Amino acid sequence: MDLSTPIYDSTQHNNFYPAESIGNALSVSELSGFITQLLSTLELQELGALYYQQLNTLLPVVGLSLSDFDARWVFGHAKVSSTLIDLPLKNVSSISGEQAQAYYYISSPLSLSQRETLFQLHDLFGKQVKHAVEHLRLKQMATKDALTGLSNRGGFEQSMIRQQAWAQRHGETFALLVIDLDNFKYVNDNFGHREGDKVLAHVASLLINVLRDEDEPFRFGGDEFCCLLDCQNQQQLACAAERIQAKINGSSYLARMGVSCSLGGAIYRDSDTTSTLFDRADSALYSAKNAGKNTYQAA
């Protein structure tokens with residue numbers, strides 16, 4: 001889907017709207033069912049998919065993008081020739097903190113009645129998006145590690161499920177990297193747990209700094225970290241592991257503490273569950289540990 005389509009400000013061109021509607025009308029019971037389903041959906045991605053599916057039956061809307069929340073949340077199959085209409089989601093902020101928008105791609109001009117339908121449904125959708133964003137914020141608070149600021153094990157498991165679902169729907173793959181700090185026990189035993197906490201927070205900051213926007217780090221527990229990576233093959237995964245290892249080994253603070261890292265990685269396969277993928281990466285991590293630490297192994 002091409003998101004570079006020029007924006008057409010339809011509000012400035014009344015002749016953009018044909019006189020007759022070409023959309024399909026919902027019966028009262030169908031409309032009531034749709035609204036009920038919409039208002040009972042609090043998962044933002046699921047909400048967008050449900051909303052687009054219904055819009056597509058009513059109006060010549062061939063694409064909907066909620067990229068202000070996640071670049072992957074694009075529904076439908078808009079073409080370059082599609083016209084883009086962006087409408088603000090009132091009192092909702094994007095991930096960058098700016099006013100969030102919903103981006104509608106239409107295949108043909110809207111009639112006046114279709115325009116009114118779109119605005120009414122968008123207003124209803126926007127109110128539910130606000131509830132979904134608040135729901136997401138509360139979930140994130142529950143899945144955030146207080147020490148490092150990274151998502152915790154619960155957040156990791158949720159992200160793994162989402163990544164697997166995305167991979168299965170779109171035929172794409174991803175990678176998991178498991179990271180264990182070498183000699184961390186020595187830090188706790190010789191410098192105290194407060195210094196150990198500083199090491200963990202420092203490693204988290206290095207991971208955030210070295211990873212790309214599409215990658216996500218987690219504190220899995222203790223001195224173990226995980227990363228979900230947008231890597232399609234073993235070569236890309238090895239490069240990502242090398243960058244992380246170089247970043248950690250390049251820290252003068254960690255070198256002073258005697259801390260390095262061992263890494264194990266695995267690429268998602270069609271037959272994988274979240275458990276089998278993790279087990280393969282974790283097994284590779286133990287191979288790295290047994291090989292003398294401060295190294296990377298792939299499953």
# chains A, B, ... in the order shown; residues from 1 in each chain; ligands from 1
>>> select_by_dssp(residues="range 60-153 of chain A", states="helix (DSSP H, G or I)", output="JSON, numbers by chain")
{"A": [112, 113, 114, 115, 116, 117, 118, 119, 120, 121, 122, 123, 124, 125, 126, 127, 128, 129, 130, 131, 132, 133, 134, 135, 136, 137, 138, 139, 140, 141, 142, 153]}
>>> residues_around(residues="Pro88 in chain A", least_positions_apart="6", cutoff="9 Å", atoms="only C-alpha atoms", output="mmCIF file with N, CA and C atoms, in the first residue's frame")
data_model
loop_
_atom_site.group_PDB
_atom_site.id
_atom_site.type_symbol
_atom_site.label_atom_id
_atom_site.label_comp_id
_atom_site.auth_asym_id
_atom_site.auth_seq_id
_atom_site.Cartn_x
_atom_site.Cartn_y
_atom_site.Cartn_z
ATOM 1 N N GLN A 99 -1.387 15.228 17.416
ATOM 2 C CA GLN A 99 -2.777 14.887 17.135
ATOM 3 C C GLN A 99 -2.843 13.668 16.208
ATOM 4 N N ALA A 100 -3.547 12.629 16.644
ATOM 5 C CA ALA A 100 -3.658 11.417 15.835
ATOM 6 C C ALA A 100 -4.696 11.602 14.735
ATOM 7 N N GLN A 101 -4.436 10.944 13.608
ATOM 8 C CA GLN A 101 -5.338 10.997 12.471
ATOM 9 C C GLN A 101 -5.712 9.581 12.046
ATOM 10 N N ALA A 102 -6.867 9.458 11.393
ATOM 11 C CA ALA A 102 -7.216 8.242 10.667
ATOM 12 C C ALA A 102 -7.149 8.595 9.189
ATOM 13 N N TYR A 103 -6.516 7.733 8.394
ATOM 14 C CA TYR A 103 -6.291 8.020 6.977
ATOM 15 C C TYR A 103 -7.165 7.084 6.138
ATOM 16 N N GLY A 126 -13.794 7.333 16.458
ATOM 17 C CA GLY A 126 -12.837 8.130 17.226
ATOM 18 C C GLY A 126 -13.058 8.034 18.724
#
>>> closest_residue(among="A:Leu112, A:Cys227, A:Leu254, A:Ile85", to="Lys198 in chain A", atoms="only C-alpha atoms")
A:Leu254
>>> residues_around(residues="Leu181 in chain A", least_positions_apart="4", cutoff="9 Å", atoms="only C-alpha atoms", output="VMD selection string")
chain A and resid 200 223 to 225 259 to 263 294
>>> select_by_dssp(residues="range 27-122 of chain A", states="strand (DSSP E or B)", output="PyMOL selection string")
chain A and resi 61-65+74-76+83-93+99-106
>>> residues_around(residues="Leu228 in chain A", least_positions_apart="6", cutoff="9 Å", atoms="only C-alpha atoms", output="ChimeraX atom specification")
/A:156,159-160,163,174-177,214-218
>>> write_last_selection(atoms="N, CA, C and O atoms", output="PDB file, in the first residue's frame")
ATOM      1  N   PHE A 156       6.476  -9.141  26.723  1.00  0.00           N
ATOM      2  CA  PHE A 156       7.160  -9.955  25.713  1.00  0.00           C
ATOM      3  C   PHE A 156       6.232 -11.034  25.174  1.00  0.00           C
ATOM      4  O   PHE A 156       6.145 -11.250  23.952  1.00  0.00           O
ATOM      5  N   SER A 159       3.662  -9.514  22.860  1.00  0.00           N
ATOM      6  CA  SER A 159       4.257  -9.113  21.591  1.00  0.00           C
ATOM      7  C   SER A 159       4.586 -10.320  20.722  1.00  0.00           C
ATOM      8  O   SER A 159       4.453 -10.277  19.496  1.00  0.00           O
ATOM      9  N   MET A 160       5.032 -11.402  21.353  1.00  0.00           N
ATOM     10  CA  MET A 160       5.328 -12.630  20.613  1.00  0.00           C
ATOM     11  C   MET A 160       4.068 -13.155  19.918  1.00  0.00           C
ATOM     12  O   MET A 160       4.106 -13.564  18.745  1.00  0.00           O
ATOM     13  N   GLN A 163       3.292 -10.864  16.997  1.00  0.00           N
ATOM     14  CA  GLN A 163       4.225 -11.065  15.898  1.00  0.00           C
ATOM     15  C   GLN A 163       3.923 -12.359  15.146  1.00  0.00           C
ATOM     16  O   GLN A 163       3.996 -12.415  13.915  1.00  0.00           O
ATOM     17  N   PHE A 174      10.098 -13.173  11.297  1.00  0.00           N
ATOM     18  CA  PHE A 174      10.777 -12.278  12.229  1.00  0.00           C
ATOM     19  C   PHE A 174      11.783 -13.102  13.017  1.00  0.00           C
ATOM     20  O   PHE A 174      11.902 -14.314  12.796  1.00  0.00           O
ATOM     21  N   ALA A 175      12.510 -12.458  13.908  1.00  0.00           N
ATOM     22  CA  ALA A 175      13.547 -13.180  14.649  1.00  0.00           C
ATOM     23  C   ALA A 175      13.463 -12.863  16.132  1.00  0.00           C
ATOM     24  O   ALA A 175      12.973 -11.801  16.534  1.00  0.00           O
ATOM     25  N   LEU A 176      13.940 -13.798  16.912  1.00  0.00           N
ATOM     26  CA  LEU A 176      14.031 -13.631  18.365  1.00  0.00           C
ATOM     27  C   LEU A 176      15.486 -13.765  18.783  1.00  0.00           C
ATOM     28  O   LEU A 176      16.178 -14.707  18.381  1.00  0.00           O
ATOM     29  N   LEU A 177      15.930 -12.830  19.593  1.00  0.00           N
ATOM     30  CA  LEU A 177      17.286 -12.862  20.146  1.00  0.00           C
ATOM     31  C   LEU A 177      17.169 -12.878  21.668  1.00  0.00           C
ATOM     32  O   LEU A 177      16.470 -12.044  22.250  1.00  0.00           O
ATOM     33  N   GLU A 214      11.718  -0.537  14.320  1.00  0.00           N
ATOM     34  CA  GLU A 214      10.838  -1.683  14.135  1.00  0.00           C
ATOM     35  C   GLU A 214      11.191  -2.861  15.035  1.00  0.00           C
ATOM     36  O   GLU A 214      10.483  -3.871  15.051  1.00  0.00           O
ATOM     37  N   ASP A 215      12.289  -2.769  15.790  1.00  0.00           N
ATOM     38  CA  ASP A 215      12.697  -3.820  16.720  1.00  0.00           C
ATOM     39  C   ASP A 215      12.262  -3.453  18.138  1.00  0.00           C
ATOM     40  O   ASP A 215      12.060  -2.280  18.453  1.00  0.00           O
ATOM     41  N   GLU A 216      12.149  -4.452  18.999  1.00  0.00           N
ATOM     42  CA  GLU A 216      11.652  -4.197  20.355  1.00  0.00           C
ATOM     43  C   GLU A 216      12.434  -5.006  21.390  1.00  0.00           C
ATOM     44  O   GLU A 216      12.527  -6.226  21.275  1.00  0.00           O
ATOM     45  N   PRO A 217      12.988  -4.325  22.408  1.00  0.00           N
ATOM     46  CA  PRO A 217      13.712  -5.028  23.474  1.00  0.00           C
ATOM     47  C   PRO A 217      12.816  -5.275  24.688  1.00  0.00           C
ATOM     48  O   PRO A 217      11.856  -4.531  24.935  1.00  0.00           O
ATOM     49  N   PHE A 218      13.143  -6.289  25.457  1.00  0.00           N
ATOM     50  CA  PHE A 218      12.391  -6.644  26.669  1.00  0.00           C
ATOM     51  C   PHE A 218      13.368  -7.069  27.756  1.00  0.00           C
ATOM     52  O   PHE A 218      14.438  -7.627  27.460  1.00  0.00           O
TER      53      PHE A 218
END
>>> residues_around(residues="range 270-277 of chain A", least_positions_apart="6", cutoff="9 Å", atoms="only C-alpha atoms", output="PyMOL selection string")
chain A and resi 157+160-161+164+167-168+171+173+175-176
>>> residues_around(residues="Gln45 in chain A", least_positions_apart="4", cutoff="9 Å", atoms="only C-alpha atoms", output="ChimeraX atom specification")
/A:49-50,66,70,73
>>> closest_residue(among="A:Lys144, A:Ser96, A:Phe184, A:Val62", to="Leu84 in chain A", atoms="only C-alpha atoms")
A:Val62
>>> residues_around(residues="Ala78 in chain A", least_positions_apart="2", cutoff="7 Å", atoms="only C-alpha atoms", output="PDB file with N, CA and C atoms, in the first residue's frame")
ATOM      1  N   MET A   1       0.837  -1.188   0.000  1.00  0.00           N
ATOM      2  CA  MET A   1       0.000   0.000   0.000  1.00  0.00           C
ATOM      3  C   MET A   1       0.874   1.241   0.000  1.00  0.00           C
ATOM      4  N   VAL A  62     -11.221   1.945   0.215  1.00  0.00           N
ATOM      5  CA  VAL A  62     -10.415   0.770  -0.142  1.00  0.00           C
ATOM      6  C   VAL A  62      -9.188   0.610   0.750  1.00  0.00           C
ATOM      7  N   GLY A  63      -9.006   1.540   1.681  1.00  0.00           N
ATOM      8  CA  GLY A  63      -7.880   1.441   2.600  1.00  0.00           C
ATOM      9  C   GLY A  63      -8.094   2.318   3.817  1.00  0.00           C
ATOM     10  N   GLY A  76      -6.789  -3.005   4.122  1.00  0.00           N
ATOM     11  CA  GLY A  76      -7.249  -2.838   2.757  1.00  0.00           C
ATOM     12  C   GLY A  76      -6.091  -2.814   1.773  1.00  0.00           C
ATOM     13  N   VAL A  80      -2.261   3.628  -5.899  1.00  0.00           N
ATOM     14  CA  VAL A  80      -1.672   4.957  -6.017  1.00  0.00           C
ATOM     15  C   VAL A  80      -2.728   5.972  -6.438  1.00  0.00           C
ATOM     16  N   SER A  82      -5.760   6.065  -5.550  1.00  0.00           N
ATOM     17  CA  SER A  82      -6.740   6.328  -4.502  1.00  0.00           C
ATOM     18  C   SER A  82      -6.568   7.735  -3.939  1.00  0.00           C
ATOM     19  N   TYR A 105      -8.591   5.919   2.401  1.00  0.00           N
ATOM     20  CA  TYR A 105      -8.294   5.906   0.978  1.00  0.00           C
ATOM     21  C   TYR A 105      -9.562   5.518   0.227  1.00  0.00           C
TER      22      TYR A 105
END
>>> atom_distance(atom1="CA of Ala132 in chain A", atom2="CA of Glu116 in chain A")
24.3 Å
>>> atom_distance(atom1="CA of Ala71 in chain A", atom2="CA of Trp166 in chain A")
12.8 Å
>>> atom_distance(atom1="CA of Gln37 in chain A", atom2="CA of Asn56 in chain A")
16.1 Å
>>> closest_residue(among="A:Tyr296, A:Gln232, A:Val129, A:Gly154", to="Met141 in chain A", atoms="only C-alpha atoms")
A:Gly154
>>> closest_residue(among="A:Leu58, A:Leu207, A:Ile95, A:Leu138", to="Lys247 in chain A", atoms="only C-alpha atoms")
A:Leu207
